[in-house]
Amino acid sequence: MTIDISRRAVLTGGLATGFLLAFHMPLRAGNEPVQPPDVTEGKFAPNAFIRIDPAGNTILIMPQVEMGQGIYTSIAMILAEELDADFSRVSLLAAPANEKLYANPDFGVQATGGSTSVRAFWKPLRTAGASARAMLVQAAAEQWQVEPASCTASNGEVMHQGSGRKLSYGALALAASSQTPPKDVAVKDPKDFVLIGKSLKRLDTPEKVNGKAVYGIDAMLPGMKFATLAQCPVFGGKVGRVDDSAAKKIPGVRQIVVLDDTVAVVGDHMWAAKKGLEALKIDWNEGPNAKIGSAEIWADLRAAIEKDGVVAKSEGDIAKGLATGDKFEASFELPFLAHATMEPLSATVHVKPDSCEIWTGTQIMARVQSEAAKAAGLPVEKVVVNNHLLGGGFGRKLEPDMVVAAVRIAKQVDGPVKVVWTREEDIQHDIYRPVYRDTIAASLSGGKVVGWKYKIAGAAILARWLPPAFQKGIDIDAVDSAVDAPYDIPNFHVEYVRAEPPAVPTGFWRGVGPNNNVFATECFMDELARKAGKDPVEFRRSMLATKPRFLSVLNLAAEKANWGQKLPPRVGQGVCLQPSFASCIATVVEAEVDEHGEIKLRRAVSVVDTGIAVNPDTIMAQIEGGLIFGFTAALYGEITIDKGRVRQSNFNDYRMLRIDQAPKIEVHVVKSGEAPGGIGEAGVTASAPALRNAIYSATGVALRRLPIDRSLLAVGRKA
Amino acid sequence: MATTLTINGEAKSFDAPADMPLLWVLRDVLGMTGTKFGCGIAQCGACTVHIDGQPVRSCVLPVGSLSGRSVTTIEGIGATPAGAKVQKAWLDLEVIQCGYCQSGQVMSAAALLAATPNPDDSDIDAAMSGNICRCGTYVRIRAAIKQAASGRQS
């Protein structure tokens with residue numbers, strides 16, 4: 001896709017920054033040829049990210065995908081800042097599948113996730129922009145026969161300071177192409193930024209307001225057919241017998257495709273495909289997982305955490321620490337969750353004898369290409385992936401299964417076919433946020449935590465998704481925000497028990513490991529504060545003497561939320577402090593619990609120190625939306641398993657928060673000169689613990705499991 | 001079944017079964033992909049269009065029931081005064097994130113403003129609570145409706 005941004009104006013300036021999934025993988029040392037991502041002929045193409053044509057049009061190539069998080073705009077701002085481009089002449093192009101050119105430096109694969117985009121690409125993009133700018137300046141200096149140091153660049157032009165002569169980047173494009181890229185190029189001092197730090201208008205939104213934006217599900221090709229599919233309702237089950245006699249009579253049904261684990265109906269439109277699928281009689285060979293239910297899964301997890309884990313971090317002497325003062329223990333649990341992107345899963349595929357072309361919206365371009373090639377039985381270079389806007393990702397589109405399924409179906413179809421999952425199929429064949437259980441033992445002495453033994457049991461998603469990152473039995477995502485809890489605790493110990501749930505496939509879900517660890521940590525901190533007889537904010541402050549950024553956001557959140565104000569009965573405030581994704585964030589939620597235990601969200605205040613804020617308004621939007629995403633999970637989110645099947649199916653039984661339930665939200669982005677942190681998932685991580693602590697304050701009930709069980713909160717019910 | 005509908009002021013003729021929901025006629029038969037599929041059971045509002053100015057969920061609306069009615073979709077709503085105001089406020093306040101639900105949000109908001117030029121919070125709740133936004137843009141949706149109603153400039 002391309003986006004013309006010339007219509008967009010500039011908002012006011014603001015500011016801020018964010019964390020790191022904490023691992024840096026080397027780029028894959030593959031030996032596949034580097035293909036040009038686009039036609040570079042006749043353009044200045046100094047690197048993988050920048051193209052300038054002789055007319056001055058500047059094309060910026062987006063190594064990360066746009067799924068709502070605003071990253072296209074932030075990446076364009078970073079590149080244009082160092083390039084000194086004319087931002088009104090910039091257009092954007094999605095990067096093709098090419099891991100050598102566009103791998104995420106944090107993963108070593110071409111993936112968008114983990115709130116890494118700005119953090120991971122901050123240096124490479126700035127260097128790319130600055131290097132291209134230096135080549136344009138050199139080209140101008142050569143033409144004028146002056147020293148490059150006597151020239152400046154701004155807004156898409158090079159100027160010679162002595163004479164006032166100017167040349168546009170377009171006029172310099174061809175001459176710059178023959179310049180040698182500088183070996184070491186200086187990037188700007190942040191005080192000289194003209195774009196970064198401003199709330200510039202997003203480049204992707206004008207076409208999202210009038211129906212013109214094209215998502216993966218919107219791909220339309222001449223002669224295409226439409227299909228929908230059913231996979232075995234039991235995880236891992238296979239197709240037995242299919243009676244398609246009734247389905248074939250449905251008007252518009254063209255073909256029934258039967259695979260070993262999936263049946264698809266192909267028709268003239270989705271309605272025919274859907275009705276055809278409903279008319280099929282399918283006997284499934286359900287297999288051994290048909291015996292699995294939620295009760296067995298939880299029993300397994302509760303048994304697993306009793307085992308010794310692998311030590312992820314240990315400071316001080318945990319045995320001595322726990323033997324000091326008063327000791328307390330608690331366990332916390334989080335359920336399976338589906339992603340429920342608003343855009344149901346889909347892929348359009350055209351398989352020909354010697355090639356395969358795909359139209360979809362994915363967070364993993366290169367992996368989709370390679371997995372599609374395997375499914376199609378073609379060499380990887382014969383597979384072209386066209387990426388579109390994503391109607392939400394949230395980690396679901398870090399998996400290639402929807403594309404692989406579409407390729408397997410398309411192999412049996414003549415011509416292009418769009419495979420769209422029903423919402424029911426989307427919910428029942430997700431790759432789920434795993435169940436987690438955490439146990440914490442802590443000791444209090446002198447009003448402070450002096451011993452903290454934290455054990456996590458849950459799936460090791462990285463062991464499957466990025467095996468090189470899974471080292472010595474520790475999933476660094478599963479322990480994220482546990483090993484780096486912000487508090488000064490002298491005897492501190494974190495263990496991890498890998499516990500893969502039976503039958504249910506698990507993957508990344510917006511907020512990832514920190515969702516679990518911030519929840520357990522912050523909930524238990526509130527319980528300990530109460531044991532110590534201290535206010536929850538004051539209790540946290542007392543353990544932040546060496547953490548000024550955390551102390552600062554906590555203090556400001558308390559001030560902005562009017563912490564400690566007199567509140568009506570059964571109304572409470574709760575706080576959450578988190579280190580997740582390299583951003584320091586404090587959140588205060590105010591909630592009311594009615595006599596039946598139903599919850600009204602009144603207000604949420606987040607204070608964010610995410611280092612240098614590339615686009616402050618985008619950061620605010622991500623925190624606002626992230627908080628809502630987290631509230632949805634806290635209030636409603638749970639996938640349960642019965643006889644190997646997911647019981648939920650659509651938004652009627654897998655509920656989402658709606659506008660009438662949304663609280664007032666205020667986000668404050670504080671000034672910081674630190675390196676940028678991550679922000680796309682940080683709001684999600686914050687809301688559940690802050691809400692739970694508000695309920696604890698309002699009712700005295702210490703909830704230790706999500707989603708929130710209203711029956712525990714009704715008046716008269718003993719905690 | 002050969003059918004003719006007025007869509008965004010233009011007569012469109014197509015062949016579709018009478019029980020086929022309008023959503024799939026728009027998307028798969030006419031190629032008007034601005035109207036989105038979200039749930040198929042009128043739970044999420046992504047497929048909202050206007051029939052004679054009233055917001056409806058096109059995923060459960062059989063096209064055979066629409067003879068002689070006038071359909072407005074996201075592709076045409078900008079030609080109405082309320083739709084244009086909503087679109088402008090949406091961009092001024094940078095409401096949108098992934099944007100997939102926003103066709104439906106804009107259609108519901110435009111219908112609200114056409115019927116209730118100065119909606120209060122409870123009017124907004126009533127008109128908009130059928131539209132799910134997974135990105136959680138509700139705070140800005142509310143603010144943008146109020147801005148569109150007041151005619152304020154950002």
# chains A, B, ... in the order shown; residues from 1 in each chain; ligands from 1
call {"tool": "interface_residues", "arguments": {"of": "chain A", "to": "chain B", "cutoff": "8 Å", "atoms": "only C-alpha atoms", "output": "VMD selection string"}}
result
chain A and resid 66 to 70 201 to 202 205 to 206 208 to 215 218 220 251 269 to 271 340 to 344 389 to 392 422 to 424 621 624 to 629 650 to 652 656 to 660 662 to 665
call {"tool": "residues_around", "arguments": {"residues": "A:Val239", "least_positions_apart": "4", "cutoff": "10 Å", "atoms": "only C-alpha atoms", "output": "ChimeraX atom specification"}}
result
/A:230-232,258-263,282-286
call {"tool": "decode", "arguments": {"residues": "stretch 30-158 of chain A", "atoms": "C-alpha atoms", "output": "mmCIF file, in the first residue's frame"}}
result
data_model
loop_
_atom_site.group_PDB
_atom_site.id
_atom_site.type_symbol
_atom_site.label_atom_id
_atom_site.label_comp_id
_atom_site.auth_asym_id
_atom_site.auth_seq_id
_atom_site.Cartn_x
_atom_site.Cartn_y
_atom_site.Cartn_z
ATOM 1 C CA GLY A 30 20.899 -16.664 5.613
ATOM 2 C CA ASN A 31 22.353 -16.952 2.151
ATOM 3 C CA GLU A 32 19.262 -16.132 0.140
ATOM 4 C CA PRO A 33 19.737 -13.333 -2.381
ATOM 5 C CA VAL A 34 18.674 -9.879 -1.229
ATOM 6 C CA GLN A 35 15.855 -8.859 -3.506
ATOM 7 C CA PRO A 36 15.161 -5.185 -4.068
ATOM 8 C CA PRO A 37 11.937 -4.303 -2.243
ATOM 9 C CA ASP A 38 10.688 -2.109 -5.064
ATOM 10 C CA VAL A 39 11.808 -0.517 -8.287
ATOM 11 C CA THR A 40 14.810 1.615 -7.401
ATOM 12 C CA GLU A 41 15.839 2.564 -10.913
ATOM 13 C CA GLY A 42 15.958 6.317 -11.424
ATOM 14 C CA LYS A 43 15.678 6.978 -7.712
ATOM 15 C CA PHE A 44 18.105 7.782 -4.943
ATOM 16 C CA ALA A 45 17.941 4.529 -2.968
ATOM 17 C CA PRO A 46 20.677 4.759 -0.341
ATOM 18 C CA ASN A 47 19.384 1.987 1.900
ATOM 19 C CA ALA A 48 16.420 -0.288 2.578
ATOM 20 C CA PHE A 49 14.204 2.486 3.923
ATOM 21 C CA ILE A 50 14.514 5.576 1.709
ATOM 22 C CA ARG A 51 13.736 6.348 -1.953
ATOM 23 C CA ILE A 52 13.788 9.844 -3.483
ATOM 24 C CA ASP A 53 12.856 10.414 -7.120
ATOM 25 C CA PRO A 54 13.998 13.368 -9.274
ATOM 26 C CA ALA A 55 10.642 15.078 -8.678
ATOM 27 C CA GLY A 56 11.394 15.125 -4.958
ATOM 28 C CA ASN A 57 8.855 12.515 -3.974
ATOM 29 C CA THR A 58 10.164 10.707 -0.933
ATOM 30 C CA ILE A 59 9.081 7.133 -0.361
ATOM 31 C CA LEU A 60 9.725 5.670 3.076
ATOM 32 C CA ILE A 61 9.622 1.896 3.374
ATOM 33 C CA MET A 62 7.992 0.592 6.528
ATOM 34 C CA PRO A 63 9.805 -2.335 8.146
ATOM 35 C CA GLN A 64 7.052 -2.690 10.762
ATOM 36 C CA VAL A 65 3.372 -3.251 10.057
ATOM 37 C CA GLU A 66 0.518 -0.885 10.876
ATOM 38 C CA MET A 67 -2.122 -2.576 13.014
ATOM 39 C CA GLY A 68 -3.481 0.485 14.767
ATOM 40 C CA GLN A 69 -0.497 1.358 16.921
ATOM 41 C CA GLY A 70 0.478 4.319 14.761
ATOM 42 C CA ILE A 71 3.871 2.941 13.883
ATOM 43 C CA TYR A 72 3.809 4.019 10.237
ATOM 44 C CA THR A 73 3.682 7.622 11.380
ATOM 45 C CA SER A 74 6.365 7.220 14.052
ATOM 46 C CA ILE A 75 8.752 5.422 11.684
ATOM 47 C CA ALA A 76 8.189 8.065 9.025
ATOM 48 C CA MET A 77 8.901 10.786 11.590
ATOM 49 C CA ILE A 78 12.167 9.178 12.703
ATOM 50 C CA LEU A 79 13.401 8.692 9.133
ATOM 51 C CA ALA A 80 12.276 12.131 7.964
ATOM 52 C CA GLU A 81 13.790 13.781 11.040
ATOM 53 C CA GLU A 82 17.307 12.588 10.322
ATOM 54 C CA LEU A 83 16.855 12.889 6.558
ATOM 55 C CA ASP A 84 15.575 16.447 6.943
ATOM 56 C CA ALA A 85 12.909 15.503 4.435
ATOM 57 C CA ASP A 86 9.981 17.632 3.407
ATOM 58 C CA PHE A 87 7.383 15.742 5.454
ATOM 59 C CA SER A 88 4.580 16.906 3.183
ATOM 60 C CA ARG A 89 6.225 15.086 0.230
ATOM 61 C CA VAL A 90 6.554 11.759 2.007
ATOM 62 C CA SER A 91 4.637 8.633 1.042
ATOM 63 C CA LEU A 92 4.829 5.223 2.667
ATOM 64 C CA LEU A 93 5.348 1.753 1.262
ATOM 65 C CA ALA A 94 4.954 -1.505 3.203
ATOM 66 C CA ALA A 95 8.183 -3.534 3.192
ATOM 67 C CA PRO A 96 8.092 -6.797 1.285
ATOM 68 C CA ALA A 97 9.021 -10.119 2.856
ATOM 69 C CA ASN A 98 12.782 -9.800 3.237
ATOM 70 C CA GLU A 99 14.360 -10.814 6.490
ATOM 71 C CA LYS A 100 17.825 -9.616 5.567
ATOM 72 C CA LEU A 101 16.657 -6.073 4.963
ATOM 73 C CA TYR A 102 13.743 -5.739 7.348
ATOM 74 C CA ALA A 103 14.267 -8.078 10.313
ATOM 75 C CA ASN A 104 13.314 -6.570 13.643
ATOM 76 C CA PRO A 105 16.708 -6.110 15.352
ATOM 77 C CA ASP A 106 15.245 -7.320 18.648
ATOM 78 C CA PHE A 107 14.085 -10.657 17.221
ATOM 79 C CA GLY A 108 16.201 -11.326 14.163
ATOM 80 C CA VAL A 109 12.978 -12.057 12.279
ATOM 81 C CA GLN A 110 10.736 -9.755 10.298
ATOM 82 C CA ALA A 111 8.152 -9.319 13.009
ATOM 83 C CA THR A 112 6.149 -6.517 14.562
ATOM 84 C CA GLY A 113 5.433 -7.185 18.214
ATOM 85 C CA GLY A 114 6.554 -6.974 21.809
ATOM 86 C CA SER A 115 6.209 -3.185 21.796
ATOM 87 C CA THR A 116 9.628 -3.136 20.159
ATOM 88 C CA SER A 117 9.164 -1.149 16.945
ATOM 89 C CA VAL A 118 10.440 2.254 18.026
ATOM 90 C CA ARG A 119 12.975 0.815 20.450
ATOM 91 C CA ALA A 120 14.424 -1.688 18.010
ATOM 92 C CA PHE A 121 14.473 0.574 14.974
ATOM 93 C CA TRP A 122 15.379 3.838 16.726
ATOM 94 C CA LYS A 123 19.087 3.621 15.905
ATOM 95 C CA PRO A 124 18.908 1.915 12.477
ATOM 96 C CA LEU A 125 16.301 4.346 11.174
ATOM 97 C CA ARG A 126 18.093 7.413 12.495
ATOM 98 C CA THR A 127 21.337 6.201 10.952
ATOM 99 C CA ALA A 128 19.603 5.451 7.640
ATOM 100 C CA GLY A 129 18.106 8.937 7.542
ATOM 101 C CA ALA A 130 21.316 10.681 8.561
ATOM 102 C CA SER A 131 23.398 8.689 6.090
ATOM 103 C CA ALA A 132 21.085 9.526 3.183
ATOM 104 C CA ARG A 133 21.121 13.160 4.203
ATOM 105 C CA ALA A 134 24.921 13.159 4.240
ATOM 106 C CA MET A 135 25.001 11.735 0.700
ATOM 107 C CA LEU A 136 22.626 14.431 -0.543
ATOM 108 C CA VAL A 137 24.775 17.099 1.106
ATOM 109 C CA GLN A 138 27.927 15.628 -0.446
ATOM 110 C CA ALA A 139 26.289 15.641 -3.876
ATOM 111 C CA ALA A 140 25.331 19.300 -3.527
ATOM 112 C CA ALA A 141 28.766 20.284 -2.216
ATOM 113 C CA GLU A 142 30.405 18.529 -5.135
ATOM 114 C CA GLN A 143 28.192 20.379 -7.592
ATOM 115 C CA TRP A 144 28.952 23.724 -5.950
ATOM 116 C CA GLN A 145 32.600 22.772 -5.367
ATOM 117 C CA VAL A 146 32.375 23.713 -1.697
ATOM 118 C CA GLU A 147 33.049 21.856 1.542
ATOM 119 C CA PRO A 148 30.135 19.642 2.670
ATOM 120 C CA ALA A 149 30.537 21.166 6.141
ATOM 121 C CA SER A 150 29.545 24.542 4.712
ATOM 122 C CA CYS A 151 26.162 23.151 3.654
ATOM 123 C CA THR A 152 23.017 22.547 5.674
ATOM 124 C CA ALA A 153 19.873 20.606 4.945
ATOM 125 C CA SER A 154 16.288 21.171 5.937
ATOM 126 C CA ASN A 155 12.818 20.431 4.617
ATOM 127 C CA GLY A 156 14.042 18.527 1.571
ATOM 128 C CA GLU A 157 16.693 21.013 0.431
ATOM 129 C CA VAL A 158 20.439 21.462 0.765
#
